[in-house]
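Student: See start-v9.pdb below, with PDB, C-alpha atoms.
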```
ATOM      1  CA  MET A   1       0.000   0.000   0.000
ATOM      2  CA  GLN A   2       1.481   3.287  -1.098
ATOM      3  CA  VAL A   3       0.832   6.485   0.825
ATOM      4  CA  ALA A   4       1.599   9.847  -0.730
ATOM      5  CA  SER A   5       2.423  13.007   1.134
ATOM      6  CA  VAL A   6       0.103  15.526  -0.470
ATOM      7  CA  LYS A   7      -1.535  18.645   0.939
ATOM      8  CA  LEU A   8      -5.291  18.221   1.226
ATOM      9  CA  TYR A   9      -7.618  21.199   1.619
ATOM     10  CA  SER A  10     -11.099  21.898   2.852
ATOM     11  CA  LEU A  11     -12.225  24.858   0.771
ATOM     12  CA  ASN A  12     -15.372  26.763   1.701
ATOM     13  CA  TYR A  13     -18.200  28.275  -0.292
ATOM     14  CA  ASN A  14     -16.918  31.817   0.345
ATOM     15  CA  GLU A  15     -13.544  31.243  -1.321
ATOM     16  CA  ALA A  16     -12.962  32.131  -4.976
ATOM     17  CA  LYS A  17     -10.503  29.219  -5.166
ATOM     18  CA  SER A  18     -13.454  26.859  -4.552
ATOM     19  CA  TYR A  19     -15.342  28.087  -7.604
ATOM     20  CA  ILE A  20     -12.256  27.995  -9.810
ATOM     21  CA  ALA A  21     -11.623  24.390  -8.745
ATOM     22  CA  VAL A  22     -15.281  23.457  -9.306
ATOM     23  CA  ALA A  23     -15.275  25.032 -12.770
ATOM     24  CA  LEU A  24     -12.150  23.099 -13.762
ATOM     25  CA  PHE A  25     -13.468  19.805 -12.382
ATOM     26  CA  VAL A  26     -16.849  20.260 -14.081
ATOM     27  CA  VAL A  27     -15.081  20.920 -17.389
ATOM     28  CA  GLY A  28     -13.102  17.708 -16.815
ATOM     29  CA  ASN A  29     -16.314  15.847 -16.028
ATOM     30  CA  VAL A  30     -17.836  17.166 -19.267
ATOM     31  CA  LEU A  31     -14.858  16.476 -21.544
ATOM     32  CA  PHE A  32     -13.785  13.088 -20.149
ATOM     33  CA  PRO A  33     -17.223  11.501 -20.728
ATOM     34  CA  GLN A  34     -17.285  12.849 -24.288
ATOM     35  CA  LEU A  35     -13.974  11.105 -24.920
ATOM     36  CA  CYS A  36     -15.204   7.868 -23.340
ATOM     37  CA  HIS A  37     -18.472   7.949 -25.296
ATOM     38  CA  LEU A  38     -16.457   7.571 -28.508
ATOM     39  CA  MET A  39     -16.141   3.891 -27.538
ATOM     40  CA  PRO A  40     -19.125   1.524 -27.515
ATOM     41  CA  GLN A  41     -20.575   1.500 -23.988
ATOM     42  CA  GLY A  42     -17.707   3.797 -22.979
ATOM     43  CA  GLY A  43     -19.748   5.597 -20.339
ATOM     44  CA  MET A  44     -20.921   2.385 -18.712
ATOM     45  CA  VAL A  45     -17.438   0.845 -18.740
ATOM     46  CA  TRP A  46     -15.294   3.837 -17.731
ATOM     47  CA  LEU A  47     -17.789   5.711 -15.461
ATOM     48  CA  PRO A  48     -16.115   8.991 -16.473
ATOM     49  CA  ILE A  49     -18.588  11.413 -14.920
ATOM     50  CA  TYR A  50     -17.359  10.488 -11.442
ATOM     51  CA  PHE A  51     -13.598  10.868 -11.923
ATOM     52  CA  PHE A  52     -13.123  14.583 -11.285
ATOM     53  CA  THR A  53     -15.768  14.561  -8.562
ATOM     54  CA  LEU A  54     -13.616  12.039  -6.690
ATOM     55  CA  VAL A  55     -10.438  14.040  -7.265
ATOM     56  CA  GLY A  56     -12.036  17.375  -6.378
ATOM     57  CA  ALA A  57     -13.715  16.139  -3.203
ATOM     58  CA  TYR A  58     -10.657  14.259  -1.986
ATOM     59  CA  LYS A  59      -8.195  17.058  -2.674
ATOM     60  CA  TYR A  60     -10.304  20.153  -1.926
ATOM     61  CA  GLY A  61     -13.019  18.902   0.416
ATOM     62  CA  TRP A  62     -16.638  17.849   0.322
ATOM     63  CA  LYS A  63     -17.964  21.311  -0.593
ATOM     64  CA  VAL A  64     -15.965  21.459  -3.839
ATOM     65  CA  GLY A  65     -16.873  17.822  -4.411
ATOM     66  CA  LEU A  66     -20.578  18.408  -3.832
ATOM     67  CA  MET A  67     -20.749  21.351  -6.233
ATOM     68  CA  THR A  68     -18.861  19.290  -8.832
ATOM     69  CA  ALA A  69     -21.109  16.275  -8.179
ATOM     70  CA  ILE A  70     -24.274  18.241  -8.849
ATOM     71  CA  LEU A  71     -23.144  20.493 -11.674
ATOM     72  CA  SER A  72     -21.351  17.838 -13.754
ATOM     73  CA  PRO A  73     -24.319  15.564 -14.547
ATOM     74  CA  LEU A  74     -26.616  18.557 -15.035
ATOM     75  CA  CYS A  75     -24.215  20.256 -17.472
ATOM     76  CA  ASN A  76     -23.659  17.008 -19.375
ATOM     77  CA  ASN A  77     -27.388  16.414 -19.609
ATOM     78  CA  LEU A  78     -28.118  19.956 -20.802
ATOM     79  CA  LEU A  79     -25.246  20.044 -23.301
ATOM     80  CA  PHE A  80     -25.270  16.494 -24.665
ATOM     81  CA  GLY A  81     -28.359  14.708 -23.348
ATOM     82  CA  MET A  82     -26.092  12.335 -21.452
ATOM     83  CA  PRO A  83     -26.742  11.051 -18.942
ATOM     84  CA  ALA A  84     -30.301  10.560 -20.059
ATOM     85  CA  THR A  85     -32.800  12.522 -17.992
ATOM     86  CA  ALA A  86     -34.285   9.277 -16.632
ATOM     87  CA  LEU A  87     -30.874   8.405 -15.148
ATOM     88  CA  LEU A  88     -30.140  11.818 -13.652
ATOM     89  CA  VAL A  89     -31.467  11.137 -10.158
ATOM     90  CA  PRO A  90     -29.441   7.931  -9.581
ATOM     91  CA  ILE A  91     -26.317   9.526 -11.056
ATOM     92  CA  LEU A  92     -26.775  12.664  -8.951
ATOM     93  CA  ALA A  93     -27.230  10.439  -5.892
ATOM     94  CA  LYS A  94     -24.082   8.432  -6.642
ATOM     95  CA  SER A  95     -22.124  11.631  -7.350
ATOM     96  CA  THR A  96     -23.297  13.175  -4.090
ATOM     97  CA  ILE A  97     -22.445  10.048  -2.094
ATOM     98  CA  LEU A  98     -19.036   9.991  -3.792
ATOM     99  CA  ALA A  99     -18.323  13.636  -2.931
ATOM    100  CA  LEU A 100     -19.353  13.226   0.695
ATOM    101  CA  ALA A 101     -17.456   9.947   1.132
ATOM    102  CA  ALA A 102     -14.298  11.319  -0.501
ATOM    103  CA  GLY A 103     -14.369  14.495   1.561
ATOM    104  CA  PHE A 104     -14.955  12.514   4.767
ATOM    105  CA  VAL A 105     -12.213   9.945   4.125
ATOM    106  CA  ALA A 106      -9.705  12.620   3.087
ATOM    107  CA  SER A 107     -10.397  14.714   6.189
ATOM    108  CA  ARG A 108     -10.121  11.690   8.514
ATOM    109  CA  HIS A 109      -7.235   9.931   6.759
ATOM    110  CA  GLY A 110      -5.257  13.105   6.046
ATOM    111  CA  LYS A 111      -3.375  11.600   3.118
ATOM    112  CA  VAL A 112      -4.023   9.973  -0.210
ATOM    113  CA  SER A 113      -3.632   6.230  -0.591
ATOM    114  CA  LEU A 114      -4.899   3.567  -2.947
ATOM    115  CA  LEU A 115      -6.712   1.877  -0.060
ATOM    116  CA  ALA A 116      -8.485   5.097   0.958
ATOM    117  CA  LEU A 117      -9.599   5.772  -2.617
ATOM    118  CA  ALA A 118     -10.738   2.156  -2.989
ATOM    119  CA  ALA A 119     -12.839   2.565   0.162
ATOM    120  CA  VAL A 120     -14.418   5.729  -1.251
ATOM    121  CA  VAL A 121     -15.209   4.078  -4.595
ATOM    122  CA  ALA A 122     -16.633   0.989  -2.890
ATOM    123  CA  THR A 123     -18.772   3.171  -0.620
ATOM    124  CA  TYR A 124     -20.340   5.234  -3.367
ATOM    125  CA  GLN A 125     -20.913   2.173  -5.532
ATOM    126  CA  VAL A 126     -22.559   0.085  -2.809
ATOM    127  CA  VAL A 127     -24.633   2.873  -1.235
ATOM    128  CA  GLY A 128     -25.367   4.448  -4.624
ATOM    129  CA  GLY A 129     -26.283   1.063  -6.062
ATOM    130  CA  ALA A 130     -28.729   0.493  -3.207
ATOM    131  CA  PHE A 131     -30.252   3.908  -3.892
ATOM    132  CA  GLU A 132     -30.501   3.145  -7.606
ATOM    133  CA  TRP A 133     -32.178  -0.184  -6.878
ATOM    134  CA  ALA A 134     -34.710   1.535  -4.597
ATOM    135  CA  TRP A 135     -35.277   4.322  -7.136
ATOM    136  CA  THR A 136     -35.630   2.181 -10.258
ATOM    137  CA  GLY A 137     -36.832  -1.074  -8.716
ATOM    138  CA  SER A 138     -34.288  -2.873 -10.886
ATOM    139  CA  PHE A 139     -31.523  -4.828  -9.199
ATOM    140  CA  ALA A 140     -29.927  -5.437 -12.624
ATOM    141  CA  ALA A 141     -29.725  -1.700 -13.336
ATOM    142  CA  ALA A 142     -28.292  -1.062  -9.887
ATOM    143  CA  MET A 143     -25.575  -3.684 -10.389
ATOM    144  CA  GLN A 144     -24.611  -2.576 -13.895
ATOM    145  CA  ASP A 145     -21.564  -0.659 -12.631
ATOM    146  CA  PHE A 146     -20.307  -3.858 -10.984
ATOM    147  CA  LYS A 147     -20.960  -5.819 -14.167
ATOM    148  CA  LEU A 148     -19.443  -3.397 -16.700
ATOM    149  CA  GLY A 149     -17.750  -0.620 -14.727
ATOM    150  CA  ILE A 150     -14.811  -2.394 -13.100
ATOM    151  CA  PRO A 151     -12.324  -0.683 -15.483
ATOM    152  CA  GLY A 152     -13.861   2.669 -14.550
ATOM    153  CA  MET A 153     -13.669   1.968 -10.832
ATOM    154  CA  LEU A 154     -10.032   0.923 -11.161
ATOM    155  CA  THR A 155      -9.340   4.067 -13.182
ATOM    156  CA  GLN A 156     -10.938   6.159 -10.447
ATOM    157  CA  ILE A 157      -8.780   4.521  -7.776
ATOM    158  CA  VAL A 158      -5.430   4.378  -9.576
ATOM    159  CA  GLY A 159      -5.962   7.402 -11.837
ATOM    160  CA  GLY A 160      -7.366   9.441  -8.950
ATOM    161  CA  TYR A 161      -4.365   8.543  -6.820
ATOM    162  CA  LEU A 162      -1.913   9.515  -9.559
ATOM    163  CA  PHE A 163      -3.828  12.705 -10.396
ATOM    164  CA  ILE A 164      -3.926  13.858  -6.770
ATOM    165  CA  LYS A 165      -0.334  12.815  -6.059
ATOM    166  CA  TYR A 166       1.390  14.116  -9.181
ATOM    167  CA  ILE A 167      -0.846  16.717 -10.838
ATOM    168  CA  LEU A 168      -2.406  18.411  -7.822
ATOM    169  CA  LYS A 169       0.670  18.286  -5.585
ATOM    170  CA  ARG A 170       0.127  21.729  -4.050
TER
END
```
Would you write the structure of this file as structure tokens?
Tutor:
Amino acid sequence: MQVASVKLYSLNYNEAKSYIAVALFVVGNVLFPQLCHLMPQGGMVWLPIYFFTLVGAYKYGWKVGLMTAILSPLCNNLLFGMPATALLVPILAKSTILALAAGFVASRHGKVSLLALAAVVATYQVVGGAFEWAWTGSFAAAMQDFKLGIPGMLTQIVGGYLFIKYILKR
């Protein structure tokens, strides 16, 4: 298990830095899915709309993560119709759970590690999957991320770790 020494923040709603970070992470969460959607089932396999929410919440706190979690799916839906409107509520729920879990784990753990990020991803997938099952009534739909999205979850864990450790060092 690798542990990186990286400065983690807890930005507030009254800081301009928060809104700059949110804007950049939302742009990432708009562009990355567009890239992934060039592949068949790319969104379902790579789960790209969650990547920068994880990074933002872990590095800059749950408030930045929550704004990113809400704005990213809404912007994608308005601009590209993806995610489909029928899927917005479960995706918003998963994004919100992800932001809160990442912010909580980062504040308690105080450092970035593969294990901590894996715990965050597992939390939002399990709790979010339960919400999706309750919302849609379909266990199959709720488990789709576990069926197809393993590459995306691994990308979130390993890619998130590398992004936070090497790109967002400060």
Student: What are the closest atom pairs, with distances in Å to one decimal, for each residue of segment 105-129 of chain A lying within 7 Å of segment 150-162 of chain A, using all atoms listed in the file, rows by chain and rising residue number, as JSON lines?
Tutor:
```
{"residue": "A:Val112", "atom": "CA", "partner": "A:Tyr161", "partner_atom": "CA", "distance": 6.8}
{"residue": "A:Ser113", "atom": "CA", "partner": "A:Tyr161", "partner_atom": "CA", "distance": 6.7}
{"residue": "A:Leu114", "atom": "CA", "partner": "A:Ile157", "partner_atom": "CA", "distance": 6.3}
{"residue": "A:Leu117", "atom": "CA", "partner": "A:Ile157", "partner_atom": "CA", "distance": 5.4}
{"residue": "A:Ala118", "atom": "CA", "partner": "A:Ile157", "partner_atom": "CA", "distance": 5.7}
{"residue": "A:Val121", "atom": "CA", "partner": "A:Met153", "partner_atom": "CA", "distance": 6.8}
```
Student: Would you compute the distance between atom CA of Ile97 of chain A and atom CA of Phe32 of chain A? Give it in Å to one decimal.
Tutor: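 Between these atoms lies a distance of 20.3 Å.
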Student: In Å, with one decimal, what is the gap from atom CA of Ser10 of chain A to atom CA of Thr123 of chain A?
Tutor: 20.5 Å
Student: Would you mind reading off the distance between atom CA of Ala141 of chain A and atom CA of Gln125 of chain A, one decimal, in Å?
Tutor: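 Interatomic distance here is 12.4 Å.
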Student: Translate the PyMOL selection byres ((chain A and resi 21) around 10), as applied to the file shown, into an explicit residue set as a list of chain:residue names.
Tutor: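 Going through the file, the PyMOL selection byres ((chain A and resi 21) around 10) ends up selecting A:Leu11, A:Ala16, A:Lys17, A:Ser18, A:Tyr19, A:Ile20, A:Val22, A:Ala23, A:Leu24, A:Phe25, A:Val26, A:Val27, A:Gly56, A:Tyr60, A:Val64, A:Gly65, A:Met67, A:Thr68.
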Student: Write out as a ChimeraX atom specification which residues come within 6 Å of segment 103-108 of chain A when counting all atoms listed in the file, dropping same-chain ones fewer than 2 positions away.
Tutor: /A:57-58,61-62,100-101,110
Student: Name the closest residue to Lys94 of chain A among the candidates A:Val6, A:Val30, A:Ala122, A:Val55; distances are taken between atoms, counting all atoms listed in the file.
Tutor: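 Checking each of A:Val6, A:Val30, A:Ala122, A:Val55 against Lys94 of chain A, counting all atoms listed in the file, the winner is A:Ala122.
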Student: I'd like the neighbourhood of Gly43 of chain A as a ChimeraX atom specification, where a residue qualifies if any of its atoms comes within 9 Å (using all atoms listed in the file), though same-chain residues fewer than 3 positions away should be ignored.
Tutor: /A:33-34,36-37,39-40,46-49,83,149,152
Student: Taking into account only C-alpha atoms, which residue in the set A:Lys7, A:Ala130, A:Leu87, A:Ile70 is nearest to Lys165 of chain A?
Tutor: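 Using only C-alpha atoms, Lys165 of chain A sits closest to A:Lys7.
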Student: Which one of A:Tyr9, A:Asp145, A:Phe131, A:Leu92 sits closest to Lys169 of chain A if you count only C-alpha atoms?
Tutor: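 Among the listed residues, A:Tyr9 lies closest to Lys169 of chain A.
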Student: Under the PyMOL selection byres ((chain A and resi 129) around 10), which residues of this model are included? Write them out as an MDAnalysis selection string.
Tutor: chainID A and resid 90:91 93:94 123:128 130:135 139:146
Student: Would you compute, for all listed atoms of segment 28-43 of chain A, the axis-aligned bounding box grown by 5 Å on each side, and then report its centre and edge lengths in Å rounded to one decimal, as AutoDock Vina command-line options?
Tutor:
```
--center_x -16.8 --center_y 9.6 --center_z -22.3 --size_x 17.5 --size_y 26.2 --size_z 22.5
```
Student: Could you check which of A:Asn12, A:Ser138, A:Asn77, A:Thr53 is closest to Asn29 of chain A, using only C-alpha atoms?
Tutor: A:Thr53
Student: Restricting the calculation to all atoms listed in the file: of A:Thr136, A:Leu8, A:Ala119, A:Tyr166, which residue gets closest to Lys59 of chain A?
Tutor: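 Comparing A:Thr136, A:Leu8, A:Ala119, A:Tyr166 against Lys59 of chain A, the winner is A:Leu8.
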Student: Restricting the calculation to all atoms listed in the file, which member of A:Leu79, A:Val120, A:Leu168, A:Leu66 is positioned closest to Leu31 of chain A?
Tutor: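 Between A:Leu79, A:Val120, A:Leu168, A:Leu66, the residue approaching Leu31 of chain A most closely is A:Leu79.
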